Each structure stands twice: as C-alpha cells, then as structure tokens.
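Novice: This is final-v1.txt (compact mmCIF, C-alpha atoms).
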```txt
# COMPACT_ATOMS: atom_id res chain seq x y z
CA MET L 1 16.55 17.11 12.00
CA ARG L 2 15.47 13.86 10.33
CA LEU L 3 17.61 12.15 7.69
CA SER L 4 16.08 11.58 4.26
CA ARG L 5 15.06 7.98 3.62
CA LEU L 6 18.07 6.82 1.56
CA PRO L 7 20.85 7.94 3.98
CA TYR L 8 18.74 6.65 6.88
CA TYR L 9 18.40 3.20 5.33
CA VAL L 10 22.10 3.08 4.43
CA ILE L 11 23.20 3.92 7.97
CA LYS L 12 20.64 1.53 9.47
CA THR L 13 21.75 -1.30 7.15
CA ILE L 14 25.45 -0.80 7.94
CA TRP L 15 24.70 -0.87 11.67
CA GLN L 16 22.50 -3.98 11.43
CA THR L 17 25.01 -5.76 9.18
CA SER L 18 27.89 -5.23 11.59
CA ASN L 19 25.79 -6.35 14.54
CA LEU L 20 24.48 -9.44 12.78
CA ILE L 21 27.95 -10.47 11.59
CA TRP L 22 29.32 -10.06 15.11
CA ILE L 23 26.55 -12.15 16.64
CA LEU L 24 26.76 -14.94 14.05
CA PHE L 25 30.53 -15.34 14.02
CA THR L 26 31.00 -15.17 17.80
CA LYS L 27 28.41 -17.82 18.65
CA HIS L 28 28.60 -21.60 18.44
CA ILE L 29 28.64 -22.76 14.81
CA SER L 30 25.21 -23.91 13.66
CA ASN L 31 24.41 -26.77 11.30
CA TYR L 32 21.33 -24.88 10.17
CA ILE L 33 20.49 -21.22 9.91
CA LEU L 34 16.78 -20.39 9.64
CA ILE L 35 15.66 -16.86 8.84
CA GLN L 36 12.24 -15.27 8.49
CA ASN L 37 11.69 -12.99 5.52
CA PRO L 38 11.01 -10.07 5.67
CA PRO L 39 13.27 -8.33 6.49
CA ALA L 40 15.49 -9.10 3.49
CA ILE L 41 18.12 -6.40 4.06
CA PRO L 42 20.63 -7.23 5.42
CA THR L 43 19.40 -10.56 6.84
CA ILE L 44 19.32 -12.74 3.72
CA LEU L 45 22.72 -11.60 2.43
CA VAL L 46 24.52 -11.83 5.79
CA CYS L 47 23.01 -15.18 6.78
CA TRP L 48 23.70 -16.68 3.35
CA PHE L 49 27.33 -15.54 3.65
CA TYR L 50 27.55 -17.10 7.11
CA SER L 51 26.15 -20.40 5.83
CA ILE L 52 28.81 -20.50 3.10
CA VAL L 53 31.66 -19.77 5.53
CA VAL L 54 30.65 -22.34 8.18
CA ASP L 55 29.08 -24.83 5.73
CA SER L 56 25.60 -24.83 7.30
CA LYS L 57 22.19 -25.32 5.71
CA PHE L 58 20.52 -22.01 4.78
CA ILE L 59 16.70 -22.03 5.23
CA ILE L 60 14.21 -19.22 4.54
CA ASP L 61 10.73 -18.98 6.07
CA TRP L 62 8.81 -16.67 3.72
CA HIS L 63 6.11 -14.70 5.56
CA ASN L 64 5.86 -11.96 2.93
CA TYR L 65 8.08 -10.12 0.45
CA ALA L 66 10.24 -7.32 1.81
CA HIS L 67 10.16 -5.37 -1.44
CA THR L 68 6.34 -5.18 -1.43
CA LEU L 69 6.33 -3.88 2.14
CA MET L 70 8.93 -1.24 1.28
CA ALA L 71 6.91 -0.23 -1.78
CA LEU L 72 4.03 0.84 0.47
CA THR L 73 6.05 3.91 1.45
CA LEU L 74 8.79 4.13 -1.20
CA LYS L 75 6.88 3.11 -4.39
CA ASP L 76 7.76 0.29 -6.78
CA ASP L 77 10.38 2.17 -8.79
CA HIS L 78 12.48 3.27 -5.79
CA LEU L 79 16.12 2.13 -5.76
CA LEU L 80 15.80 0.43 -2.38
CA VAL L 81 12.69 -1.47 -3.45
CA LYS L 82 14.47 -2.72 -6.57
CA LEU L 83 17.49 -3.69 -4.47
CA ALA L 84 15.36 -5.60 -1.97
CA LYS L 85 13.61 -7.46 -4.78
CA ALA L 86 16.93 -8.36 -6.41
CA ILE L 87 18.29 -9.67 -3.10
CA GLU L 88 15.16 -11.74 -2.44
CA THR L 89 15.19 -13.12 -5.98
CA TYR L 90 18.87 -14.08 -6.12
CA PHE L 91 19.64 -15.19 -2.57
CA GLY L 92 16.22 -16.76 -2.09
CA SER L 93 17.12 -19.26 -4.80
CA LYS L 94 20.35 -20.06 -2.91
CA ALA L 95 18.51 -21.45 0.12
CA HIS L 96 18.74 -25.18 0.74
CA TYR L 97 15.09 -25.27 1.87
CA ASN L 98 12.22 -22.81 1.81
CA PHE L 99 9.00 -22.59 3.82
CA CYS L 100 6.11 -20.21 3.12
CA VAL L 101 2.83 -19.29 4.81
CA SER L 102 0.29 -19.89 2.03
CA GLN L 103 -0.35 -22.03 -1.01
CA ALA L 104 -0.63 -18.86 -3.08
CA MET L 105 2.88 -17.81 -1.99
CA LYS L 106 4.25 -21.28 -2.79
CA GLU L 107 2.90 -20.98 -6.33
CA ASP L 108 4.19 -17.41 -6.69
CA LEU L 109 7.70 -18.30 -5.52
CA GLN L 110 7.84 -21.17 -8.00
CA LEU L 111 6.39 -19.20 -10.91
CA LYS L 112 8.35 -15.94 -10.51
CA TRP L 113 11.67 -17.03 -9.05
CA GLY L 114 11.84 -20.80 -9.51
CA ILE L 115 11.94 -21.32 -5.73
CA LYS L 116 10.41 -24.53 -4.40
CA ALA L 117 8.85 -24.05 -0.97
CA GLU L 118 6.94 -26.14 1.53
CA VAL L 119 3.72 -24.58 2.84
CA LEU L 120 4.01 -24.15 6.61
CA TYR L 121 0.81 -22.47 7.73
CA ASP L 122 1.02 -20.38 10.88
CA ARG L 123 -0.89 -21.87 13.79
CA PRO L 124 -1.79 -20.42 17.20
CA SER L 125 0.52 -21.06 20.12
CA ASN L 126 -0.83 -22.58 23.32
CA GLU L 127 -1.27 -19.16 24.95
CA PHE L 128 -4.23 -18.45 22.68
CA GLN L 129 -7.11 -20.44 24.14
CA PRO L 130 -10.78 -19.88 24.96
CA ILE L 131 -11.38 -18.94 28.60
CA SER L 132 -14.25 -19.61 30.99
CA LEU L 133 -16.85 -17.00 31.86
CA THR L 134 -15.33 -16.73 35.35
CA GLU L 135 -11.87 -16.06 33.88
CA LYS L 136 -13.41 -13.51 31.53
CA HIS L 137 -15.14 -11.74 34.42
CA ILE L 138 -11.95 -11.59 36.52
CA PHE L 139 -9.93 -10.25 33.59
CA LEU L 140 -12.49 -7.60 32.60
CA LEU L 141 -12.94 -6.58 36.23
CA LYS L 142 -9.21 -5.94 36.51
CA LEU L 143 -9.20 -4.05 33.22
CA SER L 144 -12.13 -1.90 34.37
CA GLU L 145 -9.82 -0.42 37.03
CA LYS L 146 -7.96 1.29 34.18
CA TYR L 147 -10.89 2.03 31.88
CA ASN L 148 -14.06 3.42 33.44
CA VAL L 149 -16.15 2.58 30.39
CA LEU L 150 -15.84 -1.09 31.37
CA LYS L 151 -17.09 -0.59 34.94
CA GLY L 152 -20.48 -2.02 35.84
CA SER L 153 -23.16 -0.33 37.90
CA GLU L 154 -23.04 -2.99 40.61
CA GLU L 155 -20.26 -3.98 42.98
CA SER L 156 -17.75 -6.43 41.47
CA SER L 157 -19.30 -6.08 38.04
CA THR L 158 -18.34 -4.94 34.56
CA VAL L 159 -20.60 -3.67 31.77
CA PHE L 160 -20.54 -7.23 30.42
CA THR L 161 -20.48 -9.47 33.47
CA LYS L 162 -21.59 -9.72 37.09
CA TYR L 163 -20.89 -12.07 39.97
CA ILE L 164 -23.90 -13.58 41.76
CA GLU L 165 -23.74 -16.33 44.37
CA ASN L 166 -20.13 -17.18 43.49
CA GLU L 167 -20.98 -17.51 39.81
CA ALA L 168 -20.04 -15.25 36.91
CA GLN L 169 -22.93 -14.32 34.64
CA LEU L 170 -23.35 -12.25 31.50
CA TYR L 171 -25.78 -9.34 31.62
CA SER L 172 -28.76 -9.98 29.38
CA LYS L 173 -28.50 -6.36 28.27
CA ARG L 174 -24.90 -5.46 27.58
CA PRO L 175 -22.73 -3.67 24.98
CA GLY L 176 -21.23 -5.47 22.03
CA PHE L 177 -17.47 -5.98 22.32
CA ILE L 178 -15.21 -5.99 19.27
CA ILE L 179 -11.43 -6.02 19.06
CA SER L 180 -8.83 -5.26 16.42
CA SER L 181 -5.07 -5.49 16.80
CA THR L 182 -2.71 -3.54 14.59
CA SER L 183 0.83 -2.30 14.10
CA TRP L 184 -0.63 0.97 12.72
CA THR L 185 1.17 0.71 9.37
CA GLU L 186 0.29 1.40 5.73
CA ASP L 187 -0.91 -2.15 5.08
CA GLU L 188 -3.97 -1.53 7.29
CA ASP L 189 -6.47 1.19 6.40
CA PHE L 190 -8.21 2.01 9.67
CA SER L 191 -10.48 4.51 7.98
CA VAL L 192 -12.45 1.44 6.85
CA LEU L 193 -13.23 0.52 10.46
CA LEU L 194 -13.88 4.14 11.50
CA ASN L 195 -16.31 4.63 8.61
CA ALA L 196 -18.09 1.40 9.48
CA LEU L 197 -18.37 2.46 13.13
CA GLN L 198 -19.76 5.82 12.00
CA GLU L 199 -22.46 4.00 10.05
CA TYR L 200 -23.18 1.83 13.11
CA GLU L 201 -23.55 4.99 15.20
CA ASN L 202 -25.88 6.50 12.59
CA ALA L 203 -28.02 3.34 12.51
CA PHE L 204 -28.32 3.43 16.30
CA GLU L 205 -29.32 7.10 16.30
CA GLN L 206 -31.89 6.58 13.55
CA ASP L 207 -33.22 3.45 15.29
CA ILE L 208 -32.95 1.56 12.00
CA CYS L 209 -32.36 -1.70 13.84
CA LYS L 210 -32.20 -2.63 17.51
CA LEU L 211 -28.51 -2.26 18.33
CA PRO L 212 -26.56 -2.22 21.59
CA ASP L 213 -23.83 0.24 22.48
CA LEU L 214 -20.52 -0.93 21.06
CA ILE L 215 -17.10 -1.00 22.71
CA CYS L 216 -14.16 -1.31 20.29
CA MET L 217 -10.70 -2.21 21.57
CA ILE L 218 -7.79 -1.46 19.25
CA THR L 219 -4.47 -2.80 20.53
CA GLY L 220 -0.90 -2.23 19.37
CA LYS L 221 1.44 0.61 18.54
CA GLY L 222 3.05 1.92 15.39
CA PRO L 223 3.85 4.92 13.18
CA LEU L 224 0.26 5.84 12.21
CA LYS L 225 -1.28 5.49 15.66
CA GLU L 226 -1.24 9.20 16.51
CA PHE L 227 -2.70 10.06 13.10
CA TYR L 228 -5.74 7.83 13.67
CA LEU L 229 -6.08 8.78 17.35
CA ALA L 230 -6.44 12.41 16.27
CA ILE L 231 -9.30 11.38 13.96
CA ILE L 232 -10.94 9.31 16.69
CA LYS L 233 -10.86 12.27 19.10
CA LEU L 234 -12.92 14.30 16.64
CA LYS L 235 -15.73 11.76 16.70
CA ASN L 236 -18.65 12.71 18.88
CA TRP L 237 -20.16 9.26 19.18
CA LYS L 238 -22.69 8.49 21.89
CA HIS L 239 -23.04 4.75 21.33
CA VAL L 240 -19.62 3.67 20.05
CA THR L 241 -16.56 3.87 22.30
CA ILE L 242 -13.00 3.19 21.12
CA ILE L 243 -10.29 2.22 23.61
CA THR L 244 -6.64 1.86 22.55
CA PRO L 245 -4.94 0.03 25.43
CA TRP L 246 -1.41 -1.28 25.53
CA LEU L 247 -1.65 -4.82 26.85
CA GLU L 248 0.94 -7.05 28.47
CA ASN L 249 1.74 -10.25 26.59
CA GLU L 250 -0.32 -12.40 28.94
CA GLU L 251 -3.30 -10.02 28.72
CA TYR L 252 -3.70 -10.03 24.94
CA PRO L 253 -4.98 -13.64 24.58
CA LYS L 254 -7.47 -13.05 27.39
CA MET L 255 -8.71 -9.91 25.67
CA LEU L 256 -9.29 -11.83 22.43
CA ALA L 257 -11.09 -14.60 24.29
CA SER L 258 -13.35 -12.03 26.01
CA ALA L 259 -14.56 -10.29 22.84
CA ASP L 260 -17.68 -11.01 20.78
CA LEU L 261 -16.09 -10.38 17.39
CA GLY L 262 -12.62 -9.71 15.97
CA ILE L 263 -11.84 -7.26 13.16
CA CYS L 264 -8.87 -7.66 10.82
CA LEU L 265 -7.96 -4.85 8.40
CA HIS L 266 -4.76 -6.42 7.07
CA ILE L 267 -4.66 -6.15 3.28
CA SER L 268 -1.23 -7.77 2.61
CA SER L 269 1.35 -5.85 0.61
CA SER L 270 1.94 -8.90 -1.60
CA GLY L 271 -1.55 -10.42 -1.39
CA LEU L 272 0.16 -13.67 -0.41
CA ASP L 273 0.59 -13.67 3.38
CA LEU L 274 -1.99 -14.62 5.98
CA PRO L 275 -2.53 -12.37 9.03
CA MET L 276 -1.15 -13.78 12.28
CA LYS L 277 -3.72 -11.74 14.19
CA ILE L 278 -6.52 -13.81 12.68
CA ILE L 279 -4.74 -17.01 13.67
CA ASP L 280 -4.42 -15.72 17.25
CA MET L 281 -8.15 -14.86 17.26
CA PHE L 282 -9.00 -18.29 15.87
CA GLY L 283 -6.90 -19.84 18.63
CA CYS L 284 -9.21 -18.15 21.14
CA GLU L 285 -12.29 -19.28 19.16
CA LEU L 286 -13.11 -15.66 18.33
CA PRO L 287 -15.10 -15.19 15.09
CA VAL L 288 -13.55 -12.64 12.74
CA CYS L 289 -14.59 -10.09 10.12
CA ALA L 290 -11.60 -9.85 7.78
CA TYR L 291 -10.71 -7.50 4.93
CA ASN L 292 -10.61 -9.49 1.70
CA PHE L 293 -7.48 -9.99 -0.39
CA LYS L 294 -6.04 -12.54 -2.80
CA CYS L 295 -5.38 -15.60 -0.61
CA LEU L 296 -7.48 -14.88 2.50
CA SER L 297 -9.80 -17.77 1.63
CA GLU L 298 -7.01 -20.16 2.65
CA LEU L 299 -7.71 -19.06 6.23
CA VAL L 300 -11.16 -17.41 6.46
CA LYS L 301 -14.11 -19.13 4.82
CA HIS L 302 -16.97 -16.65 4.45
CA LYS L 303 -20.01 -17.64 6.53
CA GLU L 304 -18.23 -20.89 7.53
CA ASN L 305 -15.68 -19.79 10.15
CA GLY L 306 -15.92 -16.01 9.81
CA MET L 307 -16.95 -13.18 7.52
CA ILE L 308 -15.13 -11.35 4.73
CA PHE L 309 -15.67 -7.74 3.65
CA SER L 310 -14.26 -5.61 0.83
CA ASN L 311 -15.14 -2.10 1.98
CA ASP L 312 -16.49 -0.08 4.90
CA LYS L 313 -20.11 -0.52 3.79
CA GLU L 314 -19.87 -4.30 3.91
CA LEU L 315 -18.15 -4.21 7.31
CA ALA L 316 -20.86 -1.90 8.66
CA GLU L 317 -23.56 -4.31 7.46
CA GLN L 318 -21.78 -7.22 9.12
CA LEU L 319 -21.49 -5.33 12.41
CA LYS L 320 -25.16 -4.34 12.34
CA SER L 321 -26.23 -7.87 11.45
CA TRP L 322 -24.06 -9.43 14.16
CA PHE L 323 -25.26 -7.11 16.91
CA GLU L 324 -28.91 -6.58 15.93
CA ASP L 325 -31.06 -7.44 18.96
CA PHE L 326 -27.86 -8.60 20.70
CA PRO L 327 -27.53 -10.94 22.57
CA ASN L 328 -31.02 -12.32 21.90
CA ASN L 329 -30.87 -12.75 18.13
CA ASP L 330 -31.32 -16.48 17.43
CA ILE L 331 -29.93 -16.25 13.88
CA GLN L 332 -26.77 -14.50 15.08
CA HIS L 333 -26.49 -16.91 18.00
CA GLN L 334 -26.61 -19.96 15.73
CA LEU L 335 -24.06 -18.40 13.38
CA ASP L 336 -21.77 -17.71 16.34
CA ILE L 337 -22.05 -21.34 17.45
CA LYS L 338 -21.31 -22.54 13.91
CA PHE L 339 -18.22 -20.34 13.62
CA ARG L 340 -16.87 -21.37 17.01
CA GLU L 341 -17.35 -25.07 16.23
CA GLU L 342 -15.25 -24.63 13.08
CA LEU L 343 -12.63 -22.66 15.01
CA HIS L 344 -12.50 -25.40 17.64
CA LYS L 345 -11.48 -27.81 14.87
CA PHE L 346 -8.93 -25.31 13.53
CA GLN L 347 -7.19 -24.83 16.87
CA LYS L 348 -6.57 -28.53 17.39
CA ASN L 349 -3.53 -28.17 15.15
CA ARG L 350 -1.30 -25.91 17.25
CA TRP L 351 2.06 -24.35 16.42
CA HIS L 352 4.25 -27.03 17.96
CA GLY L 353 2.44 -29.95 16.35
CA ASN L 354 2.35 -28.24 12.97
CA TRP L 355 6.07 -27.43 13.13
CA SER L 356 6.98 -30.95 14.23
CA SER L 357 5.06 -32.62 11.40
CA ILE L 358 6.04 -30.30 8.53
CA ALA L 359 9.27 -28.43 9.32
CA LEU L 360 11.19 -30.67 11.72
CA PRO L 361 11.83 -33.45 9.18
CA TYR L 362 13.95 -31.02 7.16
CA PHE L 363 16.27 -30.63 10.14
CA ASN L 364 16.68 -34.38 10.55
CA GLN L 365 17.91 -35.10 7.05
```
Let me see whether you can do it: turn the structure in this file into structure tokens.
Specialist:
Amino acid sequence: MRLSRLPYYVIKTIWQTSNLIWILFTKHISNYILIQNPPAIPTILVCWFYSIVVDSKFIIDWHNYAHTLMALTLKDDHLLVKLAKAIETYFGSKAHYNFCVSQAMKEDLQLKWGIKAEVLYDRPSNEFQPISLTEKHIFLLKLSEKYNVLKGSEESSTVFTKYIENEAQLYSKRPGFIISSTSWTEDEDFSVLLNALQEYENAFEQDICKLPDLICMITGKGPLKEFYLAIIKLKNWKHVTIITPWLENEEYPKMLASADLGICLHISSSGLDLPMKIIDMFGCELPVCAYNFKCLSELVKHKENGMIFSNDKELAEQLKSWFEDFPNNDIQHQLDIKFREELHKFQKNRWHGNWSSIALPYFNQ
C-alpha cells in the first residue's frame, strides 16, 4: 500500500535530514559548503545551519527552482510547493555567493528575490568528445550484439558501417540515426517525439519525400518510462524503430557521437534552466533539435548550431528535412557541417576551464 504524497514527503525529509546532518557533522570541517539546487528540501536548510555552526561560506549553485519542479505533480497551490518556495526565497538570500546556469535565471533571482548570482554556464566534461569513424564502427558493432536491428548484412558490419581493407566506411545507403536521452519525467512530453515519428512514418509510406528508415535511441530511466513504452509497443511502424537501451557511463558519450541528430524534449519547469543533455550532445559535436522555451536561445541558436521546434509538427518537418535523400542531400550536408563547426567552437570551453575561470576565484577570496 502506497503512502499519500504528504506523509511520504514528510518521512522522506526526516530521513534525509538526519542522514545529511550526520554526514556533515562527522566529517572534517569545511571552509566552504557548495550545494546544487534543486533539491531545496532539506538541503538548503540543513547546509545553511551547518555553515552557521562551523562558520563556513555557504554557496548555492542554482540549476533550477525546486518549487517549480514539485508543481509539475503537486500544483502551485500545494502546501509543499509553497514551503519549498519559501525555503528557496529565504535561505537563498542567506548564501554568501550564488551561481546560476543562465542569464535569464540571474535576472529572475535578482528581480524576484534580490539574490545576486554569477552566471556559470554548464559545459561538457572531457568524456564527451567526437569519435573517429573506426571508433564509431567498433562501438556500434559491439552494440549490435545486443540489438539485432543494428546488425549489418555483411560480416563485421552494422546497418550504418562496414569494414573493408582495414578501414571503416559508412554505407552510402543507411538508416538515419537519432538519439534522445531522458529521465522520463513530467518536464518532458514524449508524445511530441512519438507524434513526429508517426508523421515521419506516414511520409515514408506515402512517398512524399525520399526518406531512409529511421532508428531512434531513447536512453535513460524514470517514472514515466513504462507508460511511454506501452504506447510505443502499440505502434506498427515499418520504417521507424525505437530502441530504449540502458547504457553504461562510458557508452553514453560514444552513442551521442555516433548519431546523426539529437532530440531534446526538455521544457524546463521554470523556463530558466538549460538542458545538460544538449550540452553533452554539443560536446560530441552532435547537432540538436530542441523544444523551445524561454531561455533556450542562450544555448541553441536556430539554424546556427541546431534547430528549435515548438510542437510535434515542427519537429516532424525538421526530421523530414534533415533526412530527405539522406545521406546525399547537399543542402542538409552543408547545414550539418555548419552546425558542427559552431559546436567545435562551443566545446573548446570545457567544464574544468569554465569552472576555473568563473567559480574558482570565489573560493580563493
């Protein structure tokens, strides 16, 4: 028997509070305590209390607002949502320093709560890099042992690549390969992607434009995964295949670097955070189609380093345009080159360098 939400959150908060207090007060005393928000409860309150007791600097790295995430399932007027907002408002202003992930969030923190924050954009870590065609072939060949749809018709081949005279080559006629990563939560509406894929399937069947078969990888796990998997199973597509693998940490960057196009459905509960999944894709020089929201333009520039859509129809048009006469469409090929050149510039500023130049000085004061 499942507990109702309020008793569940109360019990969970008490347990997390006791654990966090134990960990903080039994470890070596820190001069600084840096927390990422969300979650706000009980992290902000407990860590602020610890900073007061041991006289350390209290720093918050704002990645989103906890109360807006909670409102996705509990609604704005719920007691817990109001409590989370009150905690973020009051204790957020008590921090010695604040970082945030977008210029829009910096302005919002200042305007609503009088909190001054330094913009610290997320950047890809060194694991997220482009890979060679040989590395791509080896990775996909290994993955094809688990997923038959990736197996090629020749020995030591995949549906994308083959090995001839000790050299990896792409098939001139091959499926398109798209990838989307998700935590299967309410802030991503996967019906948008499924509807777009249905339109892609329809366009293929009606021979509206010359399209290849499409393989769509969706990685991750979360509360809504089974719900969407049940919908996917009902689809009787002949030209679109969805695979939902669980990848090891070292496999995920290689998967991104092997794809033709990334899809991001993140809509942001606050409209102020930037999706880390896009940053990981950019680190691998993978062009992205991203769902539009308030501050996305700080990361994705439409038709400059990626594409932005606002509904399933627009995403479907972008997929059809990208893969029409694939991989022999000169217009698409030039656009792909343009995007990847911009992403190559983006990835020069990696996580460590970005942190060292913007955040580290605050710890040396």
Novice: Under the rule of at most 10 Å, produce a per-residue listing of range 73-106 of chain L near range 39-49 of chain L: chain, number, name, the closest pair of atoms, and the distance in Å, as CSV, using only C-alpha atoms.
Specialist:
```
residue,atom,partner,partner_atom,distance
L:Leu80,CA,L:Ile41,CA,9.7
L:Leu83,CA,L:Ile41,CA,9.0
L:Ala84,CA,L:Ala40,CA,6.5
L:Lys85,CA,L:Ala40,CA,8.6
L:Ile87,CA,L:Ala40,CA,7.2
L:Glu88,CA,L:Ala40,CA,6.5
L:Tyr90,CA,L:Leu45,CA,9.7
L:Phe91,CA,L:Ile44,CA,6.8
L:Gly92,CA,L:Ile44,CA,7.7
L:Lys94,CA,L:Trp48,CA,7.9
L:Ala95,CA,L:Trp48,CA,7.8
```
Novice: Between range 203-306 of chain L and range 158-161 of chain L, at 12 Å or less, what are the per-residue closest atom pairs and their distances in Å? Count all atoms listed in the file, order by chain and rising residue number, and return it as CSV.
Specialist:
```
residue,atom,partner,partner_atom,distance
L:Pro212,CA,L:Phe160,CA,11.8
L:Asp213,CA,L:Val159,CA,10.6
L:Leu214,CA,L:Val159,CA,11.1
L:Ile215,CA,L:Val159,CA,10.1
L:Ser258,CA,L:Phe160,CA,9.7
L:Ala259,CA,L:Phe160,CA,10.1
L:Asp260,CA,L:Phe160,CA,10.7
```
Novice: Just how far from CA of Asp336 in chain L is CA of Pro287 in chain L, in Å to one decimal?
Specialist: 7.2 Å
Novice: For Asp189 in chain L, which residue among L:Phe227, L:Trp246, L:Phe58, L:Phe139 is the nearest when counting all atoms listed in the file?
Specialist: L:Phe227
Novice: What lies within 10 Å of Trp355 in chain L using all atoms listed in the file, ignoring chain neighbours under 5 positions off, as a list of chain:residue names?
Specialist: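 With the cut-off at 10 Å, the set is L:Leu120, L:Tyr121, L:Asp122, L:Arg123, L:Asn349, L:Arg350, L:Leu360, L:Pro361.
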Novice: What does the distance from CA of Leu234 in chain L to CA of Asp207 in chain L come to in Å, to one decimal?
Specialist: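 According to the coordinates, CA of Leu234 in chain L and CA of Asp207 in chain L are separated by 23.1 Å.
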Novice: Taking into account all atoms listed in the file, which residue in the set L:Met217, L:Lys57, L:His333, L:Lys254 is nearest to Lys136 in chain L?
Specialist: L:Lys254
Novice: Can you pull out the residues contacting Leu141 in chain L? Cut-off 10 Å, using all atoms listed in the file, and skip same-chain residues under 3 positions away; I want them as a PyMOL selection string.
Specialist: chain L and resi 135-138+144-147+150-152+156-162
Novice: Grab the CA of Tyr9 in chain L to CA of Lys225 in chain L distance for me, in Å with one decimal place.
Specialist: 22.3 Å
Novice: Using only C-alpha atoms for the distances, tell me which of L:Asn292, L:Ser153, L:Asn148, L:Lys238 is nearest to Glu188 in chain L.
Specialist: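 Of all the options, L:Asn292 lies closest to Glu188 in chain L.
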Novice: Got a sec: who's within 7 Å of Val192 in chain L, counting all atoms listed in the file, leaving out chain neighbours fewer than 4 positions off, as a VMD selection string?
Specialist: chain L and resid 196 311 to 312
Novice: Counting all atoms listed in the file, which of L:Cys264, L:Ala71, L:Leu194, L:Leu140 gets nearest to Trp237 in chain L?
Specialist: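 Using all atoms listed in the file, Trp237 in chain L sits closest to L:Leu194.
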Novice: Tell me which protein, DNA and RNA residues are within 8 Å of Glu342 in chain L, counting all atoms listed in the file, leaving out same-chain ones fewer than 4 positions away, and put them as an NGL selection string.
Specialist: :L and (304-305 or 338 or 346)
Novice: With C-alpha atoms kept, could you save the residues just selected as a CSV table (one decimal), in the coordinates of the input?
Specialist:
```
chain,number,residue,atom,x,y,z
L,304,GLU,CA,-18.2,-20.9,7.5
L,305,ASN,CA,-15.7,-19.8,10.2
L,338,LYS,CA,-21.3,-22.5,13.9
L,346,PHE,CA,-8.9,-25.3,13.5
```
Novice: Which range 39-133 of chain L residues have any atom within 9 Å of an atom of range 267-271 of chain L, and for each, what is the nearest pair of atoms with distance in Å to one decimal, counting only C-alpha atoms, rows sorted by chain and number, as a tab-separated table?
Specialist:
```
residue	atom	partner	partner_atom	distance
L:Asn64	CA	L:Ser270	CA	6.7
L:Tyr65	CA	L:Ser270	CA	6.6
L:His67	CA	L:Ser270	CA	8.9
L:Thr68	CA	L:Ser269	CA	5.4
L:Leu69	CA	L:Ser269	CA	5.6
L:Met70	CA	L:Ser269	CA	8.9
L:Ala71	CA	L:Ser269	CA	8.3
L:Leu72	CA	L:Ser269	CA	7.2
L:Ala104	CA	L:Gly271	CA	8.7
L:Met105	CA	L:Gly271	CA	8.6
```
